[in-house]
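Please read the structure below before turning to the comments.
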Amino acid sequence: MKAITIDFGGTNIKIALFHDGVITKKENIPAYSENGLAPRLYDTEKTLRNMLAGEDLHNYSGIGIAMPGIVDPINKKVLALYGKYEDSKQMDLSTWCHNTFDLPMVMEMDSKLALLGELNYGCAKGYQDAAMLIFGTGIGTAVSIGGKLLSSRNYVAGALSSHIIINMNGRKCTCPNTGCLEASACGWALEGLIREHPDFNNSGLAAEEQLTFKTLSKWCDRNDRTALDVLQHCVISWRAGILNMIHAYDPAIVILSGGIMNFKGMYDMLTEGLQEQVWDCIGTVDIKQAMEPEDSVLYGLYHLVAETYNN
């Protein structure tokens, strides 16, 4: 079976062609997501047609689209986004796919698709009950129970676990609350965390033009006190988030993904001794890094297209 997959990410748009579960071609183009989705559809179509190189579109069963926000997969509508592709909430992408490519479309939230990809093609094959945390600019989460993505009346169940409050007196979040997991430790919050450190002005970080996890890693390697303290704060926050998901959803496996996992020793920092903090009634929970962190969403889209249209 062949499928077309498009991941409208906040930074890049990833487009991939699949044949029987294997990526045959893949291209990335800039997202410019702050300007909306409509201005990017032309370049998306152009890139895809170049990838197809004249191949008959009817060889493909359908198109899968991932969005970085809450999605109604039944009615194929974007319900909520945060500063990315805001115009997509008023768009009918199913009609765009039909009119442009004469193909049917499936749509889902990117973090849910990343979990679906790992369940079917990655580190979580053979598991039914799973939770996923994707550490990056923000923190994406998703949950499956009985092999199916967790859903709810507003499609947010399991998808907003980054807004579980872990510190009642914590930092202001982009949501209406303070002290959320995401506000406590993620890419967009990092600069504030560093600058708020009482010894920031004496830190090597004070001379950096950009305060990212890459620069934080650099100064941690140099035993900079500010960098080490901020890293410890983030790790403690992320471990709390993992434990909250374990106790909330009772998964057999927790999957960790995102750019933060490239930080030297991060897996061990997040997992060492964590099982001892899990309630006895839950038992052992496997914790693994995503097998396909860059392409989990695309594999999830392929699975969704195959599940829906491969008759």
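How things are named: the first chain in the structure tokens is A, the next is B, and so on; residues count from 1 in each chain; ligands count from 1 in the order shown.
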
Which residues are near A:Leu103? Cut-off 6 Å, only C-alpha atoms, ignore same chain within fewer than 3 positions. Put them as an mmCIF file with C-alpha atoms, in the first residue's frame.
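Final output, saved to around_28.cif:
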data_model
loop_
_atom_site.group_PDB
_atom_site.id
_atom_site.type_symbol
_atom_site.label_atom_id
_atom_site.label_comp_id
_atom_site.auth_asym_id
_atom_site.auth_seq_id
_atom_site.Cartn_x
_atom_site.Cartn_y
_atom_site.Cartn_z
ATOM 1 C CA GLY A 62 -4.792 8.475 0.796
ATOM 2 C CA CYS A 97 -6.748 17.193 -0.529
ATOM 3 C CA HIS A 98 -9.676 16.112 -2.692
#

| request: Please run DSSP on the backbone and report, as a PyMOL selection string, all residues within stretch 36-213 of chain A that come out as strand (DSSP E). | output: chain A and resi 63-67+70-72+77-80+105-109+130-135+139-145+148-149

Enumerate, in order of chain and increasing residue number, the residues of stretch 147-177 of chain A with an atom no farther than 12 Å from stretch 78-82 of chain A, each with its shortest atom pair and distance in Å to one decimal, counting only C-alpha atoms, as a tab-separated table.
residue	atom	partner	partner_atom	distance
A:Asn154	CA	A:Leu79	CA	8.8
A:Tyr155	CA	A:Leu79	CA	9.1
A:Val156	CA	A:Ala80	CA	10.0
A:Ala159	CA	A:Ala80	CA	11.8
A:Leu160	CA	A:Ala80	CA	11.6
A:Cys173	CA	A:Tyr82	CA	12.0
A:Thr174	CA	A:Tyr82	CA	8.4
A:Cys175	CA	A:Tyr82	CA	9.2

| message | At a cut-off of 7 Å, using only C-alpha atoms, what residues contact A:Tyr85? Leave out same-chain residues fewer than 6 positions from it and give the result as a VMD selection string. | response | chain A and resid 33 to 37

| query | Within 7 Å of stretch 128-144 of chain A, counting only C-alpha atoms, which residues qualify if same-chain residues fewer than 5 places away don't, as a ChimeraX atom specification? | reply | /A:111-112,115,149-150,158-162,182,186-188,245,251-260

| Between A:Asp102, A:Asp92, A:Glu86, A:Glu27, which one has atoms that come closest to A:Ile6, using only C-alpha atoms? |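 Smallest distance to A:Ile6 is found for A:Glu27.
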
| message | I'd like the contact shell of A:Asp20 - 10 Å cut-off, only C-alpha atoms, skipping same-chain residues fewer than 6 positions apart - returned as a PyMOL selection string. | response | chain A and resi 1-3+302-303+306

| query | Quick one: residues within 12 Å of A:Gly21, only C-alpha atoms counted, chain neighbours fewer than 2 positions away excluded, as a ChimeraX atom specification? | reply | /A:1-5,16-19,23-24,117,120-122,298-307

| task | Check the DSSP output for the backbone and give back, as a ChimeraX atom specification, the residues of stretch 53-251 of chain A in helix (DSSP H, G or I). | result | /A:57-59,86-90,93-101,110-121,161-163,181-184,187-195,200-202,204-207,213-221,225-249

| message | What's around A:Ala185 at 10 Å? Count only C-alpha atoms, leave out sequence neighbours fewer than 4 positions away in its own chain, and write the answer as a list in words. | response |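 Using only C-alpha atoms, the neighbours found are Phe135, Gly136, Thr137, Gly138, Ile139, Ser162, Arg171, Gly179, Cys180, Leu181, Ala189, Leu190, Gly192, Leu193, Val230, Leu231, His233, Cys234, Val235, Ile236, Ser237 and Trp238 of chain A.
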